[in-house]
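Here the structure is laid out as structure tokens; the discussion comes afterwards.
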Amino acid sequence: MRAHWISLLVGLALLLGALAFHAYATAIPPKSPRPAAVAEPVPGGTVALVFHGGPDARYTPKLLDRLAALRVRATFFVVGAAVNAHPELVRRMVDEGHEVGVGTFRNGPDGALDPAFTRAALAAAAGVHSGLSEPDQDTLDLTVRDPPAVVARTDVRQVVRLHVNSSAPDVVELLVREHAGSRFVSLSEARGGVVAGGEDAGIGVRTTGYALAFAQWHGGTIVVVLGVLSAIVAVLALLRTILQLGLAHTSRRLRRDDAVVGLEYAPDVSVVVPAYNEAANIVAAVRSIVASDHPGDVEVVVVDDGSVDGTGELVGALALPGVRVHRQENAGKPAALNAGIALARHEVLVLVDGDTVFRADTVSQVVRPLGADGVGAVSGNVKVANRRGVFGRWQHLEYCAGSNLDRQILNALGCLPTIPGAIGAFRRAALEQVGGISADTLAEDTDVTMAITRAGWKVVYEPGARAWTEVPTGVRGLYKQRYRWSYGTFQSMWKHRAARGRIGRLGLLYLFLFHVLLPLLAPALDVFVVYGAFIADAPWALVVWAGFLLMQTVSAGYALRLDGESLKPLWTFPLQQVAYRQLTYLVVVKSLVTALHGTPVRWQSSGREGLAADAVGGAAR
């Protein structure tokens, strides 16, 4: 996982670096006086022509044509940004024997970025290295544009410094005519040295030059793309918030109005608990189920799927009535569930993870909606048991403002795609109709839920059926868990891509928009805000982002209230959006790339610490 974070940080740094370089290279520098040209004598009988600025698409070709016609060599101090814009003109300078030195990176005296960047631009454009460097200087032709007047005031006993502009070709021709007996030499030759710009540049500086040139001329495109993606993210987030605030309330109202709520449906129930190395929580989980106040019979079937930590022995030692332990070689969670279902005596089944604890009325609450016609499965309300630390609070907020609120929305739309593995009730007939729990995906809960819906059964959400589960306490465990969930969801979406009805029209679309596209594009908004606030000198970007965060915080607060939770953890929400959600972005990106490559992924379990038991004496009561 460390390699993924390093790759993400390196990629982010390169992207921001490219945007920063683009902003610098394309910005118009503020005007400030240039330093006066330094008088530098040259040997008698020689004239040294030096041109500052450019290459310029309008003037440099004409100047080079005139120099070629007069057979005169000159020295050019090029501007790095202009070199990236017109590399062909720099190559022509070198090919025609002119000396090329590096000036500032932008036009003007304030453009004195490290000459190394201009050297890199020169290396990329012409493949040469130049050790000759001078800043831009004030020259006569910047204020006097009449060529004869410029020549009349020029002292050829000194280095003749000019700028690449419209008058430069005529000035050169007049100088050559007036000093026909003189030899025109490069600046380095006038100084008694070797002509600069003739050495081959190394691969390192060339690569740097190519990267900087790309950043300069394609950075604008990157900014536009980031802007478009940010707009898409904003629209999706706003749409999701509207759906959450509207349909979640509708779901609760429908539940109150629905006759299902008044049903006194209390069938005998078999609770199936697949368990692999769940010694930390299994005792608390089984005890909480046995303590149920459900009027009907409640049997518990614990399937020890090859545990090596004594999970099965711990359950057996409890010697609780109505609890059976089935041991088998490790075959995976789907196989353990199917084995438990086959051993169960009753027609109503509750499937529970081994790290989940119930309160006394959970079984009754989760099976009651099955009394309505056509209901084949029911999702319970999964709560975070270990929510004391900041990391636990973040996951608590994610469960309430994310997963559970999504279930409210999808329940109102009649297209619930996932019954969580932590708590779900099923009719045996519905499971048998779809062939039991499939091992085709890593998200067997999503897979079987979609299959049941496609088979014509109704799937509903019962928020009153609360169950507390232990969530990972570290980044590594969380990453492994969410990667499995994300990848398994992609698998299930692909497997059921041909689904019709509400699950096909709405359920899969919702998952694609808000569980794939939104987290996939959301980093663009963060990058765009950083670019606007700290690079492009647009502090309003922070205001927009703060407004966006406020909207999400209000939505999260509504979700907590809707779920009967305290608002106290809400203070951690802004930090969650800054830090925690970056991990979820990485998970989605990695899952999508892995899925597109068709790379097989094995089941990855995170370690348990027995923290689900905390809920027995706390929130679960």
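Chain lettering (A, B, ...) mirrors the order of the structure tokens, residue numbering begins at 1 for each chain separately, and ligand numbering begins at 1 in order of display.
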Mind dumping a table of every stretch 13-63 of chain A residue within 7 Å of stretch 166-182 of chain A, with the nearest atom pair and its distance in Å to one decimal, using only C-alpha atoms, sorted by chain and rising number, as a Markdown table?
| residue | atom | partner | partner_atom | distance |
| --- | --- | --- | --- | --- |
| A:Gly45 | CA | A:Ser182 | CA | 4.8 |
| A:Thr46 | CA | A:Ser182 | CA | 5.2 |
| A:Val47 | CA | A:Ser182 | CA | 6.5 |
| A:Tyr59 | CA | A:Ser166 | CA | 5.9 |
| A:Lys62 | CA | A:Pro169 | CA | 6.8 |
| A:Leu63 | CA | A:Pro169 | CA | 4.9 |
Okay, now the selection with all heavy atoms, as a PDB file, in the first residue's frame?
ATOM      1  N   GLY A  45      38.995  45.999 -35.127  1.00  0.00           N
ATOM      2  CA  GLY A  45      38.704  45.325 -36.381  1.00  0.00           C
ATOM      3  C   GLY A  45      37.621  44.274 -36.284  1.00  0.00           C
ATOM      4  O   GLY A  45      37.363  43.557 -37.267  1.00  0.00           O
ATOM      5  N   THR A  46      36.986  44.194 -35.126  1.00  0.00           N
ATOM      6  CA  THR A  46      35.898  43.219 -34.973  1.00  0.00           C
ATOM      7  C   THR A  46      34.632  43.914 -34.480  1.00  0.00           C
ATOM      8  O   THR A  46      34.686  44.967 -33.843  1.00  0.00           O
ATOM      9  CB  THR A  46      36.256  42.109 -33.966  1.00  0.00           C
ATOM     10  OG1 THR A  46      36.463  42.697 -32.680  1.00  0.00           O
ATOM     11  CG2 THR A  46      37.498  41.351 -34.394  1.00  0.00           C
ATOM     12  N   VAL A  47      33.511  43.308 -34.801  1.00  0.00           N
ATOM     13  CA  VAL A  47      32.204  43.783 -34.332  1.00  0.00           C
ATOM     14  C   VAL A  47      31.461  42.578 -33.756  1.00  0.00           C
ATOM     15  O   VAL A  47      31.361  41.529 -34.401  1.00  0.00           O
ATOM     16  CB  VAL A  47      31.373  44.413 -35.462  1.00  0.00           C
ATOM     17  CG1 VAL A  47      29.989  44.831 -34.940  1.00  0.00           C
ATOM     18  CG2 VAL A  47      32.107  45.600 -36.073  1.00  0.00           C
ATOM     19  N   TYR A  59       9.641  38.451 -35.918  1.00  0.00           N
ATOM     20  CA  TYR A  59      10.891  39.171 -36.223  1.00  0.00           C
ATOM     21  C   TYR A  59      12.116  38.286 -36.377  1.00  0.00           C
ATOM     22  O   TYR A  59      13.017  38.609 -37.164  1.00  0.00           O
ATOM     23  CB  TYR A  59      11.161  40.197 -35.119  1.00  0.00           C
ATOM     24  CG  TYR A  59       9.997  41.120 -34.863  1.00  0.00           C
ATOM     25  CD1 TYR A  59       9.518  41.327 -33.572  1.00  0.00           C
ATOM     26  CD2 TYR A  59       9.363  41.776 -35.914  1.00  0.00           C
ATOM     27  CE1 TYR A  59       8.452  42.184 -33.333  1.00  0.00           C
ATOM     28  CE2 TYR A  59       8.284  42.621 -35.681  1.00  0.00           C
ATOM     29  CZ  TYR A  59       7.829  42.828 -34.390  1.00  0.00           C
ATOM     30  OH  TYR A  59       6.774  43.657 -34.167  1.00  0.00           O
ATOM     31  N   LYS A  62      12.946  36.996 -40.013  1.00  0.00           N
ATOM     32  CA  LYS A  62      13.454  38.064 -40.879  1.00  0.00           C
ATOM     33  C   LYS A  62      14.894  38.426 -40.512  1.00  0.00           C
ATOM     34  O   LYS A  62      15.734  38.668 -41.392  1.00  0.00           O
ATOM     35  CB  LYS A  62      12.560  39.289 -40.755  1.00  0.00           C
ATOM     36  CG  LYS A  62      11.143  39.063 -41.258  1.00  0.00           C
ATOM     37  CD  LYS A  62      10.287  40.302 -41.030  1.00  0.00           C
ATOM     38  CE  LYS A  62       8.857  40.062 -41.486  1.00  0.00           C
ATOM     39  NZ  LYS A  62       7.983  41.248 -41.252  1.00  0.00           N
ATOM     40  N   LEU A  63      15.179  38.451 -39.224  1.00  0.00           N
ATOM     41  CA  LEU A  63      16.538  38.770 -38.783  1.00  0.00           C
ATOM     42  C   LEU A  63      17.519  37.693 -39.219  1.00  0.00           C
ATOM     43  O   LEU A  63      18.622  38.003 -39.713  1.00  0.00           O
ATOM     44  CB  LEU A  63      16.557  38.923 -37.258  1.00  0.00           C
ATOM     45  CG  LEU A  63      17.922  39.189 -36.616  1.00  0.00           C
ATOM     46  CD1 LEU A  63      18.559  40.454 -37.193  1.00  0.00           C
ATOM     47  CD2 LEU A  63      17.791  39.296 -35.096  1.00  0.00           C
TER      48      LEU A  63
END
Write out as a list in words each polymer residue whose atoms come within 6 Å of A:Gln158, counting only C-alpha atoms; drop sequence neighbours fewer than 3 positions from it.
Glu40, Pro41, Val42 and Asp155 of chain A
Go ahead and save the residues from that selection, with all heavy atoms, as a compact mmCIF listing (two decimals), in the first residue's frame.
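Final file, again-v9.txt:
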# COMPACT_ATOMS: atom_id res chain seq x y z
N GLU A 40 31.27 46.93 -22.98
CA GLU A 40 32.28 45.87 -23.00
C GLU A 40 33.10 46.00 -24.28
O GLU A 40 32.58 45.78 -25.38
CB GLU A 40 31.59 44.50 -22.94
CG GLU A 40 32.56 43.34 -22.84
CD GLU A 40 31.83 41.99 -22.71
OE1 GLU A 40 30.59 41.99 -22.56
OE2 GLU A 40 32.51 40.95 -22.77
N PRO A 41 34.36 46.40 -24.19
CA PRO A 41 35.17 46.61 -25.40
C PRO A 41 35.46 45.30 -26.13
O PRO A 41 35.47 44.23 -25.53
CB PRO A 41 36.45 47.23 -24.85
CG PRO A 41 36.53 46.75 -23.43
CD PRO A 41 35.11 46.67 -22.96
N VAL A 42 35.68 45.44 -27.46
CA VAL A 42 36.02 44.29 -28.29
C VAL A 42 37.33 44.58 -29.00
O VAL A 42 37.72 45.77 -29.16
CB VAL A 42 34.91 43.99 -29.31
CG1 VAL A 42 33.61 43.62 -28.60
CG2 VAL A 42 34.69 45.17 -30.23
N ASP A 155 28.36 52.51 -30.85
CA ASP A 155 29.82 52.46 -30.80
C ASP A 155 30.25 51.02 -31.00
O ASP A 155 30.10 50.17 -30.11
CB ASP A 155 30.31 52.99 -29.45
CG ASP A 155 31.84 53.04 -29.36
OD1 ASP A 155 32.50 52.70 -30.36
OD2 ASP A 155 32.35 53.41 -28.27
Near-A:Gln328 list (8 Å; only C-alpha atoms; drop same-chain fewer than 6 positions) as JSON, numbers by chain:
{"A": [303, 304, 305, 306]}
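Here atom CA of A:Phe528 stands at a distance of 11.0 Å from atom CA of A:Val544.
Of the residues under consideration (A:Ala538, A:Leu506, A:Val302, A:Leu349), A:Val302 shows the shortest atom-to-atom contact distance to A:His326 when counting only C-alpha atoms.
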As a compact mmCIF listing (two decimals) with N, CA and C atoms, in the first residue's frame, please: the residues near stretch 534-537 of chain A (cut-off 9 Å, only C-alpha atoms, same-chain neighbours under 4 positions excluded).
# COMPACT_ATOMS: atom_id res chain seq x y z
N LEU A 16 0.91 19.41 -9.78
CA LEU A 16 0.93 20.77 -9.24
C LEU A 16 2.16 21.54 -9.73
N LEU A 19 1.40 22.67 -13.23
CA LEU A 19 0.47 23.79 -13.23
C LEU A 19 1.16 25.08 -12.76
N ALA A 20 2.02 24.95 -11.75
CA ALA A 20 2.74 26.13 -11.26
C ALA A 20 3.68 26.68 -12.33
N ALA A 23 1.64 28.45 -14.97
CA ALA A 23 1.18 29.76 -14.51
C ALA A 23 2.31 30.79 -14.58
N TYR A 24 3.51 30.39 -14.20
CA TYR A 24 4.64 31.31 -14.24
C TYR A 24 5.03 31.65 -15.68
N VAL A 529 -8.78 23.45 -6.57
CA VAL A 529 -8.83 24.43 -5.48
C VAL A 529 -7.42 24.84 -5.06
N VAL A 530 -6.53 23.87 -4.92
CA VAL A 530 -5.14 24.18 -4.55
C VAL A 530 -4.50 25.06 -5.63
Who sits within 8 Å of A:Ala556, only C-alpha atoms, same chain under 2 positions skipped, as a list in words:
Leu397, Cys400, Ala401, Gln552, Thr553, Val554, Tyr558, Ala559, Leu560 and Leu570 of chain A
Based on the selection just made, write all heavy atoms of those residues as a tab-separated table (two decimals), in the first residue's frame.
chain	number	residue	atom	x	y	z
A	397	LEU	N	-19.05	8.48	10.64
A	397	LEU	CA	-19.66	9.46	9.77
A	397	LEU	C	-19.87	8.90	8.37
A	397	LEU	O	-20.88	9.17	7.72
A	397	LEU	CB	-18.78	10.72	9.70
A	397	LEU	CG	-18.75	11.60	10.95
A	397	LEU	CD1	-17.67	12.66	10.82
A	397	LEU	CD2	-20.11	12.24	11.19
A	400	CYS	N	-22.92	6.59	8.44
A	400	CYS	CA	-24.19	7.29	8.58
A	400	CYS	C	-24.49	8.18	7.37
A	400	CYS	O	-25.59	8.14	6.81
A	400	CYS	CB	-24.20	8.14	9.85
A	400	CYS	SG	-24.27	7.19	11.37
A	401	ALA	N	-23.50	9.01	6.99
A	401	ALA	CA	-23.71	9.97	5.91
A	401	ALA	C	-23.47	9.38	4.54
A	401	ALA	O	-23.78	10.02	3.53
A	401	ALA	CB	-22.79	11.18	6.11
A	552	GLN	N	-21.77	19.79	2.40
A	552	GLN	CA	-21.58	18.39	2.76
A	552	GLN	C	-21.72	18.18	4.27
A	552	GLN	O	-22.25	17.16	4.70
A	552	GLN	CB	-20.21	17.91	2.29
A	552	GLN	CG	-20.08	17.83	0.77
A	552	GLN	CD	-18.71	17.34	0.36
A	552	GLN	OE1	-17.69	17.91	0.73
A	552	GLN	NE2	-18.67	16.28	-0.41
A	553	THR	N	-21.25	19.16	5.05
A	553	THR	CA	-21.35	19.04	6.50
A	553	THR	C	-22.81	19.07	6.94
A	553	THR	O	-23.22	18.31	7.82
A	553	THR	CB	-20.57	20.17	7.18
A	553	THR	OG1	-19.21	20.14	6.72
A	553	THR	CG2	-20.59	20.01	8.70
A	554	VAL	N	-23.59	19.95	6.34
A	554	VAL	CA	-25.02	20.02	6.65
A	554	VAL	C	-25.70	18.70	6.29
A	554	VAL	O	-26.53	18.18	7.04
A	554	VAL	CB	-25.67	21.19	5.90
A	554	VAL	CG1	-27.20	21.13	6.02
A	554	VAL	CG2	-25.16	22.52	6.43
A	558	TYR	N	-27.59	16.13	8.82
A	558	TYR	CA	-28.95	15.63	8.58
A	558	TYR	C	-28.97	14.11	8.66
A	558	TYR	O	-29.90	13.51	9.22
A	558	TYR	CB	-29.42	16.11	7.21
A	558	TYR	CG	-30.76	15.56	6.79
A	558	TYR	CD1	-31.94	16.03	7.35
A	558	TYR	CD2	-30.84	14.56	5.82
A	558	TYR	CE1	-33.17	15.51	6.96
A	558	TYR	CE2	-32.06	14.05	5.42
A	558	TYR	CZ	-33.22	14.53	5.99
A	558	TYR	OH	-34.43	14.02	5.61
A	559	ALA	N	-27.95	13.48	8.09
A	559	ALA	CA	-27.88	12.01	8.11
A	559	ALA	C	-27.78	11.49	9.54
A	559	ALA	O	-28.41	10.49	9.90
A	559	ALA	CB	-26.69	11.53	7.29
A	560	LEU	N	-26.97	12.15	10.37
A	560	LEU	CA	-26.84	11.74	11.76
A	560	LEU	C	-28.18	11.86	12.48
A	560	LEU	O	-28.58	10.96	13.23
A	560	LEU	CB	-25.79	12.59	12.47
A	560	LEU	CG	-24.32	12.36	12.06
A	560	LEU	CD1	-23.42	13.41	12.69
A	560	LEU	CD2	-23.86	10.96	12.46
A	570	LEU	N	-19.59	15.45	14.44
A	570	LEU	CA	-19.59	16.25	13.22
A	570	LEU	C	-18.38	17.19	13.14
A	570	LEU	O	-18.00	17.61	12.05
A	570	LEU	CB	-20.89	17.06	13.13
A	570	LEU	CG	-21.35	17.51	11.74
A	570	LEU	CD1	-21.52	16.31	10.82
A	570	LEU	CD2	-22.64	18.30	11.84
Restricting to only C-alpha atoms, whichever of A:Gln395, A:Ser438, A:Gln433, A:Thr362 is closest to A:Val269 is A:Thr362
Can you pull out the residues contacting A:Leu592? Cut-off 10 Å, using only C-alpha atoms, and skip same-chain residues under 3 positions away; I want them as number ranges by chain.
A: 486-487, 490-491, 516, 520, 586-589, 595-598
From a DSSP calculation on the backbone, collect every residue of stretch 465-507 of chain A in strand (DSSP E) and output the set as JSON, numbers by chain.
{"A": [465, 466, 467, 468, 469]}
Restricting the output to N, CA and C atoms, write the selected residues as a PDB file, in the first residue's frame.
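Final file, again.pdb:
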ATOM      1  N   ALA A 465     -33.464  -2.002  12.469  1.00  0.00           N
ATOM      2  CA  ALA A 465     -32.731  -3.243  12.746  1.00  0.00           C
ATOM      3  C   ALA A 465     -31.245  -2.918  12.860  1.00  0.00           C
ATOM      4  N   ARG A 466     -30.829  -2.525  14.038  1.00  0.00           N
ATOM      5  CA  ARG A 466     -29.467  -2.038  14.229  1.00  0.00           C
ATOM      6  C   ARG A 466     -28.517  -3.155  14.648  1.00  0.00           C
ATOM      7  N   ALA A 467     -27.330  -3.097  14.066  1.00  0.00           N
ATOM      8  CA  ALA A 467     -26.272  -4.043  14.424  1.00  0.00           C
ATOM      9  C   ALA A 467     -24.956  -3.282  14.448  1.00  0.00           C
ATOM     10  N   TRP A 468     -24.111  -3.635  15.418  1.00  0.00           N
ATOM     11  CA  TRP A 468     -22.841  -2.918  15.594  1.00  0.00           C
ATOM     12  C   TRP A 468     -21.684  -3.807  15.150  1.00  0.00           C
ATOM     13  N   THR A 469     -20.815  -3.236  14.326  1.00  0.00           N
ATOM     14  CA  THR A 469     -19.686  -4.005  13.788  1.00  0.00           C
ATOM     15  C   THR A 469     -18.378  -3.305  14.109  1.00  0.00           C
TER      16      THR A 469
END
Residue contacts of A:Val366 (10 Å, only C-alpha atoms) excluding same-chain residues fewer than 2 positions away, as a PDB file with N, CA and C atoms, in the first residue's frame:
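Just written: part_34.pdb:
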ATOM      1  N   VAL A 350     -31.257 -15.128   8.800  1.00  0.00           N
ATOM      2  CA  VAL A 350     -30.529 -13.884   9.043  1.00  0.00           C
ATOM      3  C   VAL A 350     -29.035 -14.193   8.916  1.00  0.00           C
ATOM      4  N   ASP A 361     -33.746  -6.305  20.176  1.00  0.00           N
ATOM      5  CA  ASP A 361     -34.845  -6.320  19.203  1.00  0.00           C
ATOM      6  C   ASP A 361     -34.370  -6.405  17.755  1.00  0.00           C
ATOM      7  N   THR A 362     -33.078  -6.593  17.520  1.00  0.00           N
ATOM      8  CA  THR A 362     -32.563  -6.558  16.155  1.00  0.00           C
ATOM      9  C   THR A 362     -33.152  -7.661  15.283  1.00  0.00           C
ATOM     10  N   VAL A 363     -33.204  -8.872  15.793  1.00  0.00           N
ATOM     11  CA  VAL A 363     -33.731  -9.983  14.988  1.00  0.00           C
ATOM     12  C   VAL A 363     -35.179  -9.710  14.607  1.00  0.00           C
ATOM     13  N   SER A 364     -36.000  -9.298  15.560  1.00  0.00           N
ATOM     14  CA  SER A 364     -37.405  -9.021  15.268  1.00  0.00           C
ATOM     15  C   SER A 364     -37.549  -7.912  14.234  1.00  0.00           C
ATOM     16  N   ARG A 368     -39.155  -8.634  10.317  1.00  0.00           N
ATOM     17  CA  ARG A 368     -40.554  -8.232  10.231  1.00  0.00           C
ATOM     18  C   ARG A 368     -40.988  -7.817   8.827  1.00  0.00           C
ATOM     19  N   PRO A 369     -40.201  -7.049   8.056  1.00  0.00           N
ATOM     20  CA  PRO A 369     -40.643  -6.678   6.708  1.00  0.00           C
ATOM     21  C   PRO A 369     -40.844  -7.864   5.771  1.00  0.00           C
ATOM     22  N   LEU A 370     -40.272  -9.034   6.110  1.00  0.00           N
ATOM     23  CA  LEU A 370     -40.475 -10.214   5.261  1.00  0.00           C
ATOM     24  C   LEU A 370     -41.921 -10.687   5.285  1.00  0.00           C
ATOM     25  N   ALA A 377     -35.904 -10.005   0.827  1.00  0.00           N
ATOM     26  CA  ALA A 377     -34.698  -9.729   1.604  1.00  0.00           C
ATOM     27  C   ALA A 377     -34.813  -8.358   2.264  1.00  0.00           C
ATOM     28  N   VAL A 378     -34.126  -8.220   3.396  1.00  0.00           N
ATOM     29  CA  VAL A 378     -34.187  -6.983   4.179  1.00  0.00           C
ATOM     30  C   VAL A 378     -32.772  -6.605   4.615  1.00  0.00           C
ATOM     31  N   SER A 379     -32.437  -5.341   4.419  1.00  0.00           N
ATOM     32  CA  SER A 379     -31.155  -4.827   4.896  1.00  0.00           C
ATOM     33  C   SER A 379     -31.330  -4.218   6.274  1.00  0.00           C
ATOM     34  N   GLY A 380     -30.403  -4.534   7.170  1.00  0.00           N
ATOM     35  CA  GLY A 380     -30.399  -3.901   8.472  1.00  0.00           C
ATOM     36  C   GLY A 380     -29.572  -2.626   8.458  1.00  0.00           C
ATOM     37  N   ASN A 381     -29.460  -2.004   9.598  1.00  0.00           N
ATOM     38  CA  ASN A 381     -28.762  -0.733   9.767  1.00  0.00           C
ATOM     39  C   ASN A 381     -27.444  -0.998  10.497  1.00  0.00           C
ATOM     40  N   ILE A 423     -25.530  -7.570   8.500  1.00  0.00           N
ATOM     41  CA  ILE A 423     -26.889  -7.924   8.914  1.00  0.00           C
ATOM     42  C   ILE A 423     -27.847  -7.863   7.730  1.00  0.00           C
ATOM     43  N   GLY A 424     -28.482  -8.994   7.455  1.00  0.00           N
ATOM     44  CA  GLY A 424     -29.474  -9.067   6.399  1.00  0.00           C
ATOM     45  C   GLY A 424     -30.389 -10.253   6.634  1.00  0.00           C
ATOM     46  N   ALA A 425     -31.672 -10.074   6.339  1.00  0.00           N
ATOM     47  CA  ALA A 425     -32.644 -11.165   6.487  1.00  0.00           C
ATOM     48  C   ALA A 425     -33.117 -11.593   5.102  1.00  0.00           C
ATOM     49  N   PHE A 426     -33.308 -12.925   4.940  1.00  0.00           N
ATOM     50  CA  PHE A 426     -33.677 -13.469   3.632  1.00  0.00           C
ATOM     51  C   PHE A 426     -34.731 -14.561   3.794  1.00  0.00           C
ATOM     52  N   VAL A 460     -35.850  -4.460   0.775  1.00  0.00           N
ATOM     53  CA  VAL A 460     -36.141  -3.227   1.508  1.00  0.00           C
ATOM     54  C   VAL A 460     -35.118  -2.995   2.605  1.00  0.00           C
ATOM     55  N   TYR A 461     -35.152  -1.771   3.141  1.00  0.00           N
ATOM     56  CA  TYR A 461     -34.231  -1.361   4.202  1.00  0.00           C
ATOM     57  C   TYR A 461     -35.024  -1.100   5.475  1.00  0.00           C
ATOM     58  N   GLU A 462     -34.548  -1.689   6.583  1.00  0.00           N
ATOM     59  CA  GLU A 462     -35.186  -1.482   7.881  1.00  0.00           C
ATOM     60  C   GLU A 462     -34.185  -0.793   8.816  1.00  0.00           C
ATOM     61  N   PRO A 463     -34.261   0.556   8.928  1.00  0.00           N
ATOM     62  CA  PRO A 463     -33.287   1.285   9.762  1.00  0.00           C
ATOM     63  C   PRO A 463     -33.379   0.950  11.237  1.00  0.00           C
ATOM     64  N   GLY A 464     -34.502   0.392  11.667  1.00  0.00           N
ATOM     65  CA  GLY A 464     -34.631   0.047  13.081  1.00  0.00           C
ATOM     66  C   GLY A 464     -33.898  -1.221  13.461  1.00  0.00           C
ATOM     67  N   ALA A 465     -33.464  -2.002  12.469  1.00  0.00           N
ATOM     68  CA  ALA A 465     -32.731  -3.243  12.746  1.00  0.00           C
ATOM     69  C   ALA A 465     -31.245  -2.918  12.860  1.00  0.00           C
ATOM     70  N   ARG A 466     -30.829  -2.525  14.038  1.00  0.00           N
ATOM     71  CA  ARG A 466     -29.467  -2.038  14.229  1.00  0.00           C
ATOM     72  C   ARG A 466     -28.517  -3.155  14.648  1.00  0.00           C
ATOM     73  N   ALA A 467     -27.330  -3.097  14.066  1.00  0.00           N
ATOM     74  CA  ALA A 467     -26.272  -4.043  14.424  1.00  0.00           C
ATOM     75  C   ALA A 467     -24.956  -3.282  14.448  1.00  0.00           C
TER      76      ALA A 467
END
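Between atom CA of A:Gly316 and atom CA of A:Asn281 the separation is 14.3 Å.
For the residues A:Arg428, A:Arg327, A:Arg58, A:Arg145, ranking by smallest atom-to-atom distance to A:Ile341 using only C-alpha atoms places A:Arg428 first.
The space between atom CA of A:Asn277 and atom CA of A:Met493 spans 29.4 Å.
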